[in-house]
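K.L.:
Below: one structure in structure tokens.
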Amino acid sequence: MSDNYNDKNTYSSDKGSYQTEYYSDKYNDISRNEDNMGSYTYTSENSSDSRKKKKPHLALKCIAAALALVILGTGIVQVYKFLNNTRDELAEFSGSPSKTVLKQQEEVKEDEPLPSLIELASRTDAKPLPDIVDSIMPSVVGVASTFEFEQQQSFSMWGWNSTPQTQQLRGTGTGFIISDDGYIVTNAHVVYDVDYNAGEAVEVSVLFSDETEHEASIVAYDPDTDIAVLKVDETGLKPAVLGDSDELRVGELVIAVGNPLGFDLFGTVTSGIVSALNRKIDINEKKMNLIQTDAAINSGNSGGPLLNSCGQVIGINSAKMSSSYSSSLASVEGLCFAIPMKEAKVIIDDLINYRYVTGRPQIGINTNDISEAQSRYFDIPVGVLVRTVQAGSAADIAGIEVGDVIIDIEGEPVTTAQELNEIKNQHKAGDTITLTVCRNDKDIKIKVTLQEKKTINGKQAAPFNDDSKISEN
């Protein structure tokens, strides 16, 4: 038997025969050959009519289904719009952004590139960094200082030599021009040495960005604030633009320019951010109010300018914390400090005009601190012992005597000269303060009218121009 129902199957009998044709999908025609005996032909009219009647019903069903889909789709769109509008209205009523608004914001953000760290840290009126460097570089100079000091003892093949020998020491730093007629600012420790007790430099020269070298004279310096002013006999120089350090914000971009490790790296530019403002740091036993930054500052950068993103000098690079911290001996990096320009400007003007910083208060005494052990041994209170009183000083006029122990200033107990100075320096020359001293086991209150301290280049001016060491008091 064939696998297809289209093949004909013939059935035969003894009495007669008939043929039936099967079609796989059609049962409409059943025919019999009339020419043969006993044969007949039959055609189904119902099948034919039913096919004709079904066609129009199928088309109507298709049209109806299409219309239903259109109506359903339209309804879904209208419902979605209604829900979306309702959600936006509810979000607007509640004060939170809708998804539509968020999507629009995301699309805008995708179109705009993300700002860089420098852009985020810069001011709104910032200049491109290359333009800042081009503008400041003619104002930056290298400072070379020569110091002389006496070496007390030296050892040779002949043994110890007790005769003092004069040695020379050369140091380098950075400075910047502040006037077109040759005034230059740098750090005091660049021209005044305390490490070897060499004192003031015997020779100072400056190197300009055009690689020309000029001799410079020391106008004045102030070790308390670590600021010095130099002068070269040149005109037509380009001064740096000074800014206001009070406008600085933590996180703001700053640029440092200097000569780290000597003139071989002249004009090195580094950048960072303001890490902190108004840091109280003890440097060379002096408490200073400084700007903290992570811009790289190394030996030789001292005295160089610290710039904001507009190219204005807002600080004088002064110090770097490089020693180990705590007992763990961890290395300290990224802790650099600069003198705020607003405070430095007043000092610079005084050094140029008066050669000392005006308005500083002074009592006029030399002192020693009394420790607890000394207090028990000598049977005197812990405090600040008056060793000498300068003739004509505020202390002399007020009646302070040698041997007095200062235990209180303005109602605050003091045990060291540093504590005494911190409170005294909160006042100005001409102010009257009250000291409590212990004299012969009695506490005495003494009113002192502070005088102006005149220290020119590390030396006390008249009326205290003797050779004795003048206390910070």
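Labels for the structure tokens follow display order: chains A, B, ..., residues from 1 in each chain, ligands from 1.
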In stretch 230-443 of chain A, what's helix (DSSP H, G or I) per DSSP? Answer as a VMD selection string?

P.N.:
chain A and resid 245 to 247 263 to 265 341 to 353 372 to 378 394 to 398 417 to 424

K.L.:
Can you pull out every residue within 12 Å of A:Lys447, counting only C-alpha atoms, but drop anything in the same chain fewer than 3 positions away, and send it as a list in words?

P.N.:
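Contacts, in chain order: Ile363, Ala394, Ala395, Asp396, Ile397, Ala398, Gly399, Ile400, Asp408, Ile409, Glu410, Asp431, Thr432, Ile433, Thr434, Leu435, Thr436, Val437, Ile444 and Leu450 of chain A.
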
K.L.:
Using all heavy atoms, can you export the residues from the last selection as a compact mmCIF listing (two decimals), in the first residue's frame?

P.N.:
```txt
# COMPACT_ATOMS: atom_id res chain seq x y z
N ILE A 363 57.35 92.62 76.81
CA ILE A 363 57.41 92.95 78.24
C ILE A 363 58.80 93.44 78.60
O ILE A 363 58.95 94.39 79.39
CB ILE A 363 57.04 91.72 79.08
CG1 ILE A 363 55.61 91.27 78.75
CG2 ILE A 363 57.17 92.01 80.57
CD1 ILE A 363 55.21 89.97 79.42
N ALA A 394 58.98 97.72 79.58
CA ALA A 394 57.65 97.72 80.20
C ALA A 394 57.70 97.04 81.56
O ALA A 394 57.04 97.49 82.52
CB ALA A 394 56.65 97.01 79.29
N ALA A 395 58.48 95.95 81.67
CA ALA A 395 58.60 95.25 82.95
C ALA A 395 59.29 96.13 83.99
O ALA A 395 58.90 96.16 85.16
CB ALA A 395 59.38 93.96 82.75
N ASP A 396 60.33 96.87 83.57
CA ASP A 396 61.06 97.75 84.48
C ASP A 396 60.15 98.86 84.99
O ASP A 396 60.14 99.19 86.18
CB ASP A 396 62.28 98.32 83.76
CG ASP A 396 63.18 99.14 84.69
OD1 ASP A 396 63.14 98.90 85.91
OD2 ASP A 396 63.90 100.01 84.19
N ILE A 397 59.37 99.44 84.08
CA ILE A 397 58.46 100.53 84.46
C ILE A 397 57.36 100.01 85.39
O ILE A 397 56.96 100.70 86.34
CB ILE A 397 57.86 101.17 83.19
CG1 ILE A 397 58.96 101.81 82.35
CG2 ILE A 397 56.78 102.17 83.54
CD1 ILE A 397 58.49 102.30 80.99
N ALA A 398 56.89 98.78 85.16
CA ALA A 398 55.80 98.23 85.97
C ALA A 398 56.27 97.75 87.33
O ALA A 398 55.44 97.55 88.24
CB ALA A 398 55.13 97.09 85.22
N GLY A 399 57.56 97.51 87.52
CA GLY A 399 58.07 97.10 88.82
C GLY A 399 58.33 95.61 88.94
O GLY A 399 58.46 95.08 90.06
N ILE A 400 58.45 94.90 87.83
CA ILE A 400 58.81 93.48 87.89
C ILE A 400 60.28 93.37 88.26
O ILE A 400 61.14 94.11 87.76
CB ILE A 400 58.52 92.78 86.54
CG1 ILE A 400 57.01 92.79 86.27
CG2 ILE A 400 59.04 91.35 86.53
CD1 ILE A 400 56.63 92.18 84.92
N ASP A 408 50.69 83.63 86.39
CA ASP A 408 49.38 83.91 85.81
C ASP A 408 49.47 85.15 84.93
O ASP A 408 50.20 86.10 85.26
CB ASP A 408 48.35 84.12 86.93
CG ASP A 408 46.95 84.38 86.41
OD1 ASP A 408 46.67 85.52 85.97
OD2 ASP A 408 46.14 83.45 86.42
N ILE A 409 48.76 85.13 83.79
CA ILE A 409 48.65 86.30 82.92
C ILE A 409 47.20 86.43 82.47
O ILE A 409 46.61 85.49 81.94
CB ILE A 409 49.60 86.21 81.71
CG1 ILE A 409 49.39 87.40 80.77
CG2 ILE A 409 49.45 84.90 80.98
CD1 ILE A 409 50.40 87.50 79.64
N GLU A 410 46.63 87.56 82.78
CA GLU A 410 45.24 87.84 82.42
C GLU A 410 44.28 86.78 82.94
O GLU A 410 43.34 86.38 82.26
CB GLU A 410 45.09 87.99 80.91
CG GLU A 410 45.68 89.27 80.34
CD GLU A 410 44.93 90.52 80.80
OE1 GLU A 410 43.85 90.80 80.26
OE2 GLU A 410 45.44 91.21 81.72
N ASP A 431 48.67 97.94 74.81
CA ASP A 431 47.66 97.32 75.68
C ASP A 431 48.23 97.10 77.07
O ASP A 431 49.44 96.90 77.25
CB ASP A 431 47.19 95.98 75.10
CG ASP A 431 46.44 96.14 73.80
OD1 ASP A 431 46.06 97.28 73.48
OD2 ASP A 431 46.25 95.12 73.10
N THR A 432 47.35 97.12 78.07
CA THR A 432 47.75 96.87 79.46
C THR A 432 47.24 95.50 79.89
O THR A 432 46.06 95.18 79.72
CB THR A 432 47.18 97.95 80.40
OG1 THR A 432 47.68 99.23 80.01
CG2 THR A 432 47.58 97.67 81.84
N ILE A 433 48.16 94.68 80.41
CA ILE A 433 47.81 93.34 80.87
C ILE A 433 48.15 93.22 82.36
O ILE A 433 48.92 94.03 82.89
CB ILE A 433 48.55 92.25 80.06
CG1 ILE A 433 50.06 92.40 80.23
CG2 ILE A 433 48.16 92.30 78.60
CD1 ILE A 433 50.86 91.28 79.60
N THR A 434 47.59 92.20 83.00
CA THR A 434 47.84 91.96 84.42
C THR A 434 48.61 90.66 84.59
O THR A 434 48.17 89.60 84.12
CB THR A 434 46.53 91.90 85.21
OG1 THR A 434 45.81 93.13 85.05
CG2 THR A 434 46.81 91.67 86.69
N LEU A 435 49.75 90.73 85.24
CA LEU A 435 50.55 89.56 85.57
C LEU A 435 50.45 89.27 87.06
O LEU A 435 50.43 90.21 87.88
CB LEU A 435 52.03 89.78 85.20
CG LEU A 435 52.38 90.05 83.74
CD1 LEU A 435 53.88 90.27 83.61
CD2 LEU A 435 51.92 88.91 82.86
N THR A 436 50.43 88.00 87.40
CA THR A 436 50.51 87.58 88.80
C THR A 436 51.86 86.93 89.01
O THR A 436 52.19 85.94 88.34
CB THR A 436 49.39 86.60 89.16
OG1 THR A 436 48.13 87.22 88.91
CG2 THR A 436 49.47 86.20 90.62
N VAL A 437 52.66 87.49 89.92
CA VAL A 437 54.00 86.96 90.19
C VAL A 437 54.06 86.53 91.65
O VAL A 437 53.38 87.09 92.53
CB VAL A 437 55.09 88.01 89.89
CG1 VAL A 437 55.01 88.47 88.44
CG2 VAL A 437 54.99 89.19 90.84
N ILE A 444 51.57 88.59 93.90
CA ILE A 444 51.38 90.02 93.66
C ILE A 444 50.87 90.21 92.23
O ILE A 444 51.42 89.64 91.27
CB ILE A 444 52.70 90.79 93.85
CG1 ILE A 444 53.27 90.53 95.24
CG2 ILE A 444 52.50 92.29 93.61
CD1 ILE A 444 54.66 91.13 95.45
N LEU A 450 52.25 97.06 77.61
CA LEU A 450 53.16 96.44 76.65
C LEU A 450 53.80 97.49 75.74
O LEU A 450 53.14 98.45 75.31
CB LEU A 450 52.41 95.41 75.81
CG LEU A 450 51.78 94.25 76.58
CD1 LEU A 450 50.91 93.40 75.66
CD2 LEU A 450 52.87 93.39 77.22
```

K.L.:
Can you pull out the residues contacting stretch 301-305 of chain A? Cut-off 6 Å, using only C-alpha atoms, and skip same-chain residues under 2 positions away; I want them as a PyMOL selection string.

P.N.:
chain A and resi 173-175+186-187+257-260+297-299+313+316-318

K.L.:
Quick one: residues within 7 Å of A:His214, only C-alpha atoms, excluding same-chain residues fewer than 2 positions away - as a PDB file with C-alpha atoms, in the first residue's frame?

P.N.:
```pdb
ATOM      1  CA  SER A 205      72.512  86.143  44.701  1.00  0.00           C
ATOM      2  CA  VAL A 206      69.380  85.512  42.646  1.00  0.00           C
ATOM      3  CA  LEU A 207      68.917  83.626  39.390  1.00  0.00           C
ATOM      4  CA  THR A 212      70.926  85.727  34.377  1.00  0.00           C
ATOM      5  CA  ALA A 216      71.020  90.849  46.030  1.00  0.00           C
ATOM      6  CA  VAL A 232      68.278  93.732  43.352  1.00  0.00           C
TER       7      VAL A 232
END
```

K.L.:
Residues at most 8 Å from stretch 130-147 of chain A, counting only C-alpha atoms, excluding those fewer than 2 positions away in the same chain, as a ChimeraX atom specification?

P.N.:
/A:127-128,149,168-178,190-191,193,198-210,237-240,257-259,263,266-267,269,304-305,309-311

K.L.:
What does the distance from atom CA of A:Thr270 to atom CA of A:Ala295 come to in Å, to one decimal?

P.N.:
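It comes out at 5.9 Å.
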
K.L.:
I'd like the contact shell of A:Ile283 - 12 Å cut-off, only C-alpha atoms, skipping same-chain residues fewer than 4 positions apart - returned as JSON, numbers by chain.

P.N.:
{"A": [189, 223, 224, 225, 226, 279, 287, 288, 289, 290, 318, 319, 320, 321, 337, 338, 339]}

K.L.:
Produce a file of the selected residues containing all heavy atoms, as a tab-separated table (two decimals), in the first residue's frame.

P.N.:
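Okay, this is what ended up in out31.tsv:
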```tsv
chain	number	residue	atom	x	y	z
A	189	HIS	N	64.54	81.68	56.56
A	189	HIS	CA	65.58	80.66	56.78
A	189	HIS	C	66.44	80.43	55.54
A	189	HIS	O	67.44	79.73	55.61
A	189	HIS	CB	64.94	79.34	57.25
A	189	HIS	CG	64.18	78.61	56.20
A	189	HIS	ND1	62.80	78.65	56.09
A	189	HIS	CD2	64.59	77.77	55.21
A	189	HIS	CE1	62.41	77.88	55.09
A	189	HIS	NE2	63.49	77.34	54.53
A	223	PRO	N	62.38	86.16	61.56
A	223	PRO	CA	62.40	84.72	61.84
A	223	PRO	C	61.09	84.20	62.42
A	223	PRO	O	60.75	83.03	62.24
A	223	PRO	CB	63.55	84.58	62.85
A	223	PRO	CG	64.41	85.78	62.62
A	223	PRO	CD	63.47	86.87	62.26
A	224	ASP	N	60.33	85.05	63.12
A	224	ASP	CA	59.08	84.59	63.73
A	224	ASP	C	58.07	84.12	62.70
A	224	ASP	O	57.33	83.17	62.92
A	224	ASP	CB	58.47	85.70	64.58
A	224	ASP	CG	59.26	85.95	65.86
A	224	ASP	OD1	60.21	85.18	66.12
A	224	ASP	OD2	58.94	86.90	66.58
A	225	THR	N	58.01	84.81	61.57
A	225	THR	CA	57.07	84.43	60.51
A	225	THR	C	57.77	83.79	59.31
A	225	THR	O	57.10	83.42	58.34
A	225	THR	CB	56.29	85.67	60.03
A	225	THR	OG1	57.21	86.68	59.61
A	225	THR	CG2	55.41	86.21	61.14
A	226	ASP	N	59.09	83.69	59.36
A	226	ASP	CA	59.89	83.07	58.30
A	226	ASP	C	59.73	83.79	56.97
A	226	ASP	O	59.60	83.17	55.91
A	226	ASP	CB	59.51	81.59	58.15
A	226	ASP	CG	60.59	80.80	57.41
A	226	ASP	OD1	61.74	81.25	57.38
A	226	ASP	OD2	60.27	79.73	56.85
A	279	ARG	N	46.18	76.11	59.94
A	279	ARG	CA	46.86	75.09	60.73
A	279	ARG	C	47.84	75.76	61.69
A	279	ARG	O	48.67	76.57	61.27
A	279	ARG	CB	47.62	74.13	59.83
A	279	ARG	CG	46.75	73.15	59.07
A	279	ARG	CD	46.05	72.19	60.00
A	279	ARG	NE	45.56	71.02	59.29
A	279	ARG	CZ	44.61	70.24	59.72
A	279	ARG	NH1	44.02	70.50	60.88
A	279	ARG	NH2	44.22	69.19	59.02
A	287	LYS	N	55.12	79.13	66.84
A	287	LYS	CA	53.80	78.68	66.40
A	287	LYS	C	53.35	79.55	65.24
A	287	LYS	O	53.28	80.77	65.35
A	287	LYS	CB	52.80	78.75	67.56
A	287	LYS	CG	51.45	78.11	67.22
A	287	LYS	CD	50.57	78.06	68.44
A	287	LYS	CE	51.08	77.04	69.44
A	287	LYS	NZ	50.99	75.64	68.94
A	288	MET	N	53.05	78.90	64.11
A	288	MET	CA	52.70	79.63	62.90
A	288	MET	C	51.33	79.18	62.40
A	288	MET	O	50.93	78.02	62.56
A	288	MET	CB	53.75	79.40	61.81
A	288	MET	CG	55.16	79.82	62.21
A	288	MET	SD	56.40	79.53	60.93
A	288	MET	CE	55.84	80.70	59.67
A	289	ASN	N	50.62	80.11	61.78
A	289	ASN	CA	49.31	79.85	61.21
A	289	ASN	C	49.48	79.65	59.70
A	289	ASN	O	49.78	80.60	58.98
A	289	ASN	CB	48.38	81.04	61.49
A	289	ASN	CG	46.98	80.79	60.98
A	289	ASN	OD1	46.46	79.69	61.07
A	289	ASN	ND2	46.35	81.83	60.45
A	290	LEU	N	49.30	78.42	59.20
A	290	LEU	CA	49.70	78.09	57.84
A	290	LEU	C	48.58	77.44	57.04
A	290	LEU	O	47.58	76.96	57.58
A	290	LEU	CB	50.91	77.13	57.89
A	290	LEU	CG	52.15	77.63	58.63
A	290	LEU	CD1	53.19	76.53	58.71
A	290	LEU	CD2	52.71	78.88	57.99
A	318	SER	N	56.73	77.24	52.65
A	318	SER	CA	57.65	77.42	53.77
A	318	SER	C	58.19	76.12	54.32
A	318	SER	O	59.38	76.04	54.64
A	318	SER	CB	56.95	78.19	54.90
A	318	SER	OG	57.81	78.37	56.00
A	319	ALA	N	57.37	75.11	54.48
A	319	ALA	CA	57.83	73.93	55.21
A	319	ALA	C	57.16	72.68	54.69
A	319	ALA	O	56.09	72.71	54.08
A	319	ALA	CB	57.55	74.09	56.71
A	320	LYS	N	57.82	71.56	54.97
A	320	LYS	CA	57.29	70.24	54.65
A	320	LYS	C	57.55	69.32	55.83
A	320	LYS	O	58.64	69.29	56.38
A	320	LYS	CB	57.95	69.66	53.40
A	320	LYS	CG	57.53	68.22	53.11
A	320	LYS	CD	58.34	67.60	51.99
A	320	LYS	CE	57.96	66.14	51.77
A	320	LYS	NZ	58.74	65.51	50.73
A	321	MET	N	56.52	68.56	56.22
A	321	MET	CA	56.70	67.56	57.26
A	321	MET	C	57.35	66.34	56.64
A	321	MET	O	56.75	65.64	55.82
A	321	MET	CB	55.34	67.18	57.87
A	321	MET	CG	54.69	68.27	58.67
A	321	MET	SD	55.62	68.62	60.18
A	321	MET	CE	54.55	69.83	60.95
A	337	PHE	N	53.26	73.03	53.81
A	337	PHE	CA	52.66	74.20	54.43
A	337	PHE	C	53.16	75.48	53.78
A	337	PHE	O	54.30	75.56	53.34
A	337	PHE	CB	52.96	74.21	55.94
A	337	PHE	CG	52.42	73.01	56.66
A	337	PHE	CD1	53.21	71.88	56.82
A	337	PHE	CD2	51.13	73.00	57.14
A	337	PHE	CE1	52.73	70.76	57.47
A	337	PHE	CE2	50.64	71.88	57.80
A	337	PHE	CZ	51.43	70.76	57.96
A	338	ALA	N	52.27	76.47	53.75
A	338	ALA	CA	52.60	77.76	53.15
A	338	ALA	C	52.05	78.87	54.04
A	338	ALA	O	51.02	78.71	54.71
A	338	ALA	CB	52.00	77.87	51.74
A	339	ILE	N	52.75	80.01	54.04
A	339	ILE	CA	52.34	81.18	54.82
A	339	ILE	C	51.22	81.89	54.06
A	339	ILE	O	51.39	82.22	52.88
A	339	ILE	CB	53.52	82.13	55.03
A	339	ILE	CG1	54.69	81.38	55.69
A	339	ILE	CG2	53.13	83.34	55.86
A	339	ILE	CD1	55.99	82.14	55.64
```

K.L.:
From a DSSP calculation on the backbone, collect every residue of stretch 159-194 of chain A in strand (DSSP E or B) and output the set as an NGL selection string.

P.N.:
:A and (159-161 or 165-177 or 183-186 or 192-193)

K.L.:
Record the distance separating atom CA of A:Tyr183 and atom CA of A:Leu306, expressed in Å with one decimal.

P.N.:
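Straight-line distance from atom CA of A:Tyr183 to atom CA of A:Leu306 works out to 17.9 Å.
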
K.L.:
Give me the residues within 8 Å of stretch 379-392 of chain A as an NGL selection string, counting only C-alpha atoms and dropping any in the same chain fewer than 5 places off.

P.N.:
:A and (364-372 or 374 or 397 or 400-407 or 414-417 or 438 or 441 or 463-464)

K.L.:
Between atom CA of A:Asn308 and atom CA of A:Ile352, what is the distance, to one decimal in Å?

P.N.:
25.3 Å
